[in-house]
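Since the structure comes first, as structure tokens, the remarks are kept for the end.
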Amino acid sequence: MRFEHLLHVNDPGNPRIAPMSRSELWRGLLVRVESPQRFELGPDRCEARVGESQEERVRSIHFGSLRFEDRVRLEPEQRIVFVPQPHEGAAPVHLTITLEEPAAGALFLRFVYSADGALSAEDKAVQGYREQAWLEHDRDMLRTLREWQRLGSL
């Protein structure tokens with residue numbers, strides 16, 4: 001399974017969108033890694049600690065009584081890779097967020113959700129809903145980062 005989408009962060013040709021620097025965007029993405037509960041669509045709580053290096057976080061994420069574990073690899077101002085630990089009931093879905101700048105000032109975020117193996121009949125039945133939820137979650141994150149930028153808290 002693979003689902004990919006792109007969000008336009010900066011558009012130099014659109015003056016209605018306040019430009020965000022790569023470092024501001026990175027700081028906001030780190031909040032998604034270390035304190036995702038600060039986002040409206042985030043979990044109830046998250047415990048994050050440094051892993052085997054400064055470029056790794058080990059997290060325990062709580063949604064009510066559900067708990068998920070993952071490792072997050074950081075490539076500063078370039079990429080974040082979320083590697084979930086297997087848990088019962090669903091195949092782990094990896095997420096890679098890549099910062100892309102094809103031209104000066106034109107900043108994008110590429111999101112790639114992937115899982116190994118074939119989807120079960122049940123997974124296939126809900127895949128469209130999952131993809132829509134992921135897309136809305138990522139759009140909400142960017143809206144939140146823009147609001148934090150507007151408030152000067154990025």
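Residue numbering restarts at 1 in every chain; chains get A, B, ... in the order shown in the structure tokens, and ligands count up from 1 in that same order.
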Would you kindly return, as an mmCIF file with N, CA and C atoms, in the first residue's frame, each protein, DNA or RNA residue with an atom no farther than 9 Å from any atom of A:Arg146, considering only C-alpha atoms and excluding same-chain residues fewer than 6 positions away?
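Written file, part30.cif:
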```cif
data_model
loop_
_atom_site.group_PDB
_atom_site.id
_atom_site.type_symbol
_atom_site.label_atom_id
_atom_site.label_comp_id
_atom_site.auth_asym_id
_atom_site.auth_seq_id
_atom_site.Cartn_x
_atom_site.Cartn_y
_atom_site.Cartn_z
ATOM 1 N N ALA A 18 1.507 33.930 3.346
ATOM 2 C CA ALA A 18 2.716 34.435 3.996
ATOM 3 C C ALA A 18 3.817 33.395 3.857
ATOM 4 N N MET A 20 6.874 31.002 4.591
ATOM 5 C CA MET A 20 7.403 30.355 5.787
ATOM 6 C C MET A 20 8.820 29.911 5.454
ATOM 7 N N LEU A 154 6.508 30.174 16.131
ATOM 8 C CA LEU A 154 7.242 29.091 15.466
ATOM 9 C C LEU A 154 8.735 29.289 15.679
#
```
For stretch 5-16 of chain A, please output as a count of residues only all residues within 10 Å (counting only C-alpha atoms; exclusion window: fewer than 5 positions along the same chain).
-> 27
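Here atom CA of A:Asp116 is placed at a distance of 21.3 Å from atom CA of A:Val58.
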Counting only C-alpha atoms, closest pick from A:Asp140, A:Asp70, A:Glu24, A:Glu56 relative to A:Leu95 is A:Asp70
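Of the residues listed (A:His62, A:Phe68, A:Ser35, A:Glu147), A:Phe68 shows the shortest atom-to-atom separation from A:Pro86; distances use only C-alpha atoms.
Using only C-alpha atoms, the contacts of A:Gly51 at a cut-off of 10 Å, with sequence neighbours closer than 5 positions omitted, comprise Glu56, Arg57, Val58, Arg59, Arg71, Val72 and Arg73 of chain A.
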Print the selection's residues with C-alpha atoms to a file, as a CSV table (one decimal), in the first residue's frame.
```csv
chain,number,residue,atom,x,y,z
A,56,GLU,CA,16.1,9.7,16.4
A,57,ARG,CA,13.1,9.9,18.7
A,58,VAL,CA,11.4,7.0,20.4
A,59,ARG,CA,7.7,7.7,21.1
A,71,ARG,CA,10.7,5.5,16.1
A,72,VAL,CA,11.2,8.7,14.2
A,73,ARG,CA,14.3,9.4,12.2
```
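Of note, atom CA of A:Leu41 and atom CA of A:Leu66 are spaced 15.4 Å apart.
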Using DSSP on the backbone coordinates, identify the residues of stretch 75-148 of chain A assigned to helix (DSSP H, G or I); present them as a PDB file with N, CA, C and O atoms, in the first residue's frame.
```
ATOM      1  N   ALA A 121      -8.949  -7.648   2.843  1.00  0.00           N
ATOM      2  CA  ALA A 121     -10.242  -7.186   2.319  1.00  0.00           C
ATOM      3  C   ALA A 121     -10.796  -6.067   3.190  1.00  0.00           C
ATOM      4  O   ALA A 121     -11.350  -5.081   2.694  1.00  0.00           O
ATOM      5  N   GLU A 122     -10.634  -6.202   4.500  1.00  0.00           N
ATOM      6  CA  GLU A 122     -11.110  -5.168   5.423  1.00  0.00           C
ATOM      7  C   GLU A 122     -10.349  -3.863   5.221  1.00  0.00           C
ATOM      8  O   GLU A 122     -10.944  -2.787   5.182  1.00  0.00           O
ATOM      9  N   ASP A 123      -9.008  -3.952   5.088  1.00  0.00           N
ATOM     10  CA  ASP A 123      -8.199  -2.753   4.851  1.00  0.00           C
ATOM     11  C   ASP A 123      -8.579  -2.082   3.532  1.00  0.00           C
ATOM     12  O   ASP A 123      -8.654  -0.854   3.449  1.00  0.00           O
ATOM     13  N   LYS A 124      -8.804  -2.884   2.496  1.00  0.00           N
ATOM     14  CA  LYS A 124      -9.197  -2.327   1.197  1.00  0.00           C
ATOM     15  C   LYS A 124     -10.514  -1.572   1.313  1.00  0.00           C
ATOM     16  O   LYS A 124     -10.693  -0.532   0.682  1.00  0.00           O
ATOM     17  N   ALA A 125     -11.429  -2.098   2.107  1.00  0.00           N
ATOM     18  CA  ALA A 125     -12.747  -1.472   2.257  1.00  0.00           C
ATOM     19  C   ALA A 125     -12.660  -0.091   2.892  1.00  0.00           C
ATOM     20  O   ALA A 125     -13.491   0.775   2.600  1.00  0.00           O
ATOM     21  N   VAL A 126     -11.678   0.132   3.748  1.00  0.00           N
ATOM     22  CA  VAL A 126     -11.577   1.419   4.454  1.00  0.00           C
ATOM     23  C   VAL A 126     -10.420   2.288   3.956  1.00  0.00           C
ATOM     24  O   VAL A 126     -10.222   3.384   4.476  1.00  0.00           O
ATOM     25  N   GLN A 127      -9.673   1.825   2.957  1.00  0.00           N
ATOM     26  CA  GLN A 127      -8.479   2.542   2.522  1.00  0.00           C
ATOM     27  C   GLN A 127      -8.786   3.970   2.073  1.00  0.00           C
ATOM     28  O   GLN A 127      -8.059   4.895   2.407  1.00  0.00           O
ATOM     29  N   GLY A 128      -9.848   4.163   1.345  1.00  0.00           N
ATOM     30  CA  GLY A 128     -10.200   5.518   0.898  1.00  0.00           C
ATOM     31  C   GLY A 128     -10.458   6.452   2.067  1.00  0.00           C
ATOM     32  O   GLY A 128     -10.055   7.619   2.035  1.00  0.00           O
ATOM     33  N   TYR A 129     -11.096   5.952   3.107  1.00  0.00           N
ATOM     34  CA  TYR A 129     -11.347   6.763   4.302  1.00  0.00           C
ATOM     35  C   TYR A 129     -10.040   7.094   5.012  1.00  0.00           C
ATOM     36  O   TYR A 129      -9.856   8.207   5.508  1.00  0.00           O
ATOM     37  N   ARG A 130      -9.144   6.114   5.092  1.00  0.00           N
ATOM     38  CA  ARG A 130      -7.842   6.352   5.731  1.00  0.00           C
ATOM     39  C   ARG A 130      -7.072   7.424   4.974  1.00  0.00           C
ATOM     40  O   ARG A 130      -6.499   8.338   5.587  1.00  0.00           O
ATOM     41  N   GLU A 131      -7.050   7.313   3.654  1.00  0.00           N
ATOM     42  CA  GLU A 131      -6.315   8.301   2.852  1.00  0.00           C
ATOM     43  C   GLU A 131      -6.895   9.696   3.039  1.00  0.00           C
ATOM     44  O   GLU A 131      -6.147  10.668   3.175  1.00  0.00           O
ATOM     45  N   GLN A 132      -8.208   9.811   3.061  1.00  0.00           N
ATOM     46  CA  GLN A 132      -8.843  11.114   3.277  1.00  0.00           C
ATOM     47  C   GLN A 132      -8.515  11.647   4.669  1.00  0.00           C
ATOM     48  O   GLN A 132      -8.254  12.839   4.848  1.00  0.00           O
ATOM     49  N   ALA A 133      -8.497  10.770   5.674  1.00  0.00           N
ATOM     50  CA  ALA A 133      -8.155  11.188   7.044  1.00  0.00           C
ATOM     51  C   ALA A 133      -6.708  11.654   7.113  1.00  0.00           C
ATOM     52  O   ALA A 133      -6.404  12.666   7.759  1.00  0.00           O
ATOM     53  N   TRP A 134      -5.787  10.920   6.470  1.00  0.00           N
ATOM     54  CA  TRP A 134      -4.382  11.329   6.467  1.00  0.00           C
ATOM     55  C   TRP A 134      -4.215  12.692   5.803  1.00  0.00           C
ATOM     56  O   TRP A 134      -3.516  13.570   6.320  1.00  0.00           O
ATOM     57  N   LEU A 135      -4.868  12.880   4.662  1.00  0.00           N
ATOM     58  CA  LEU A 135      -4.775  14.147   3.947  1.00  0.00           C
ATOM     59  C   LEU A 135      -5.296  15.295   4.815  1.00  0.00           C
ATOM     60  O   LEU A 135      -4.647  16.337   4.942  1.00  0.00           O
ATOM     61  N   GLU A 136      -6.441  15.099   5.441  1.00  0.00           N
ATOM     62  CA  GLU A 136      -7.015  16.150   6.287  1.00  0.00           C
ATOM     63  C   GLU A 136      -6.130  16.412   7.507  1.00  0.00           C
ATOM     64  O   GLU A 136      -5.949  17.568   7.916  1.00  0.00           O
ATOM     65  N   HIS A 137      -5.568  15.378   8.073  1.00  0.00           N
ATOM     66  CA  HIS A 137      -4.658  15.525   9.219  1.00  0.00           C
ATOM     67  C   HIS A 137      -3.449  16.372   8.825  1.00  0.00           C
ATOM     68  O   HIS A 137      -3.031  17.274   9.565  1.00  0.00           O
ATOM     69  N   ASP A 138      -2.881  16.105   7.656  1.00  0.00           N
ATOM     70  CA  ASP A 138      -1.700  16.845   7.201  1.00  0.00           C
ATOM     71  C   ASP A 138      -2.050  18.292   6.851  1.00  0.00           C
ATOM     72  O   ASP A 138      -1.292  19.212   7.167  1.00  0.00           O
ATOM     73  N   ARG A 139      -3.196  18.495   6.233  1.00  0.00           N
ATOM     74  CA  ARG A 139      -3.640  19.865   5.948  1.00  0.00           C
ATOM     75  C   ARG A 139      -3.870  20.636   7.247  1.00  0.00           C
ATOM     76  O   ARG A 139      -3.515  21.814   7.347  1.00  0.00           O
ATOM     77  N   ASP A 140      -4.474  19.983   8.228  1.00  0.00           N
ATOM     78  CA  ASP A 140      -4.713  20.625   9.512  1.00  0.00           C
ATOM     79  C   ASP A 140      -3.391  21.001  10.179  1.00  0.00           C
ATOM     80  O   ASP A 140      -3.270  22.074  10.772  1.00  0.00           O
ATOM     81  N   MET A 141      -2.399  20.122  10.084  1.00  0.00           N
ATOM     82  CA  MET A 141      -1.093  20.427  10.654  1.00  0.00           C
ATOM     83  C   MET A 141      -0.521  21.691  10.024  1.00  0.00           C
ATOM     84  O   MET A 141      -0.044  22.583  10.720  1.00  0.00           O
ATOM     85  N   LEU A 142      -0.590  21.789   8.688  1.00  0.00           N
ATOM     86  CA  LEU A 142      -0.042  22.969   8.019  1.00  0.00           C
ATOM     87  C   LEU A 142      -0.838  24.219   8.395  1.00  0.00           C
ATOM     88  O   LEU A 142      -0.249  25.280   8.634  1.00  0.00           O
ATOM     89  N   ARG A 143      -2.163  24.116   8.498  1.00  0.00           N
ATOM     90  CA  ARG A 143      -2.966  25.267   8.950  1.00  0.00           C
ATOM     91  C   ARG A 143      -2.530  25.711  10.348  1.00  0.00           C
ATOM     92  O   ARG A 143      -2.411  26.909  10.632  1.00  0.00           O
ATOM     93  N   THR A 144      -2.291  24.752  11.222  1.00  0.00           N
ATOM     94  CA  THR A 144      -1.853  25.067  12.583  1.00  0.00           C
ATOM     95  C   THR A 144      -0.484  25.740  12.560  1.00  0.00           C
ATOM     96  O   THR A 144      -0.272  26.744  13.262  1.00  0.00           O
ATOM     97  N   LEU A 145       0.434  25.235  11.752  1.00  0.00           N
ATOM     98  CA  LEU A 145       1.766  25.853  11.664  1.00  0.00           C
ATOM     99  C   LEU A 145       1.666  27.278  11.142  1.00  0.00           C
ATOM    100  O   LEU A 145       2.368  28.171  11.629  1.00  0.00           O
ATOM    101  N   ARG A 146       0.792  27.507  10.167  1.00  0.00           N
ATOM    102  CA  ARG A 146       0.612  28.872   9.650  1.00  0.00           C
ATOM    103  C   ARG A 146       0.063  29.791  10.742  1.00  0.00           C
ATOM    104  O   ARG A 146       0.481  30.941  10.859  1.00  0.00           O
ATOM    105  N   GLU A 147      -0.850  29.282  11.562  1.00  0.00           N
ATOM    106  CA  GLU A 147      -1.396  30.083  12.660  1.00  0.00           C
ATOM    107  C   GLU A 147      -0.309  30.384  13.689  1.00  0.00           C
ATOM    108  O   GLU A 147      -0.200  31.506  14.178  1.00  0.00           O
ATOM    109  N   TRP A 148       0.497  29.380  14.039  1.00  0.00           N
ATOM    110  CA  TRP A 148       1.590  29.610  14.972  1.00  0.00           C
ATOM    111  C   TRP A 148       2.577  30.625  14.409  1.00  0.00           C
ATOM    112  O   TRP A 148       3.097  31.470  15.138  1.00  0.00           O
TER     113      TRP A 148
END
```
Using DSSP on the backbone coordinates, identify the residues of stretch 39-129 of chain A assigned to strand (DSSP E); present them as a ChimeraX atom specification.
-> /A:45-50,56-63,66-75,79-84,94-103,106-114
Shortest contact to A:Gln149, candidates A:Ala118, A:Val81, A:Ile17, A:Ala91, atoms counted only C-alpha atoms, goes to A:Ile17
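Take atom CA of A:Glu52 and atom CA of A:Pro36: the distance between them is 21.0 Å.
Compared by their closest atoms to A:Val93, and using only C-alpha atoms, the residues A:Phe3, A:Trp26, A:Phe63, A:Phe39 rank with A:Phe3 nearest.
Distances to A:Glu34 were evaluated for A:Leu151, A:Leu74, A:Cys46, A:Ala115 using only C-alpha atoms, and the minimum falls at A:Cys46.
The shortest atom-to-atom distance to A:Gln37, with only C-alpha atoms taken into account, belongs to A:Ile61 out of A:Met1, A:Leu119, A:Ile80, A:Ile61.
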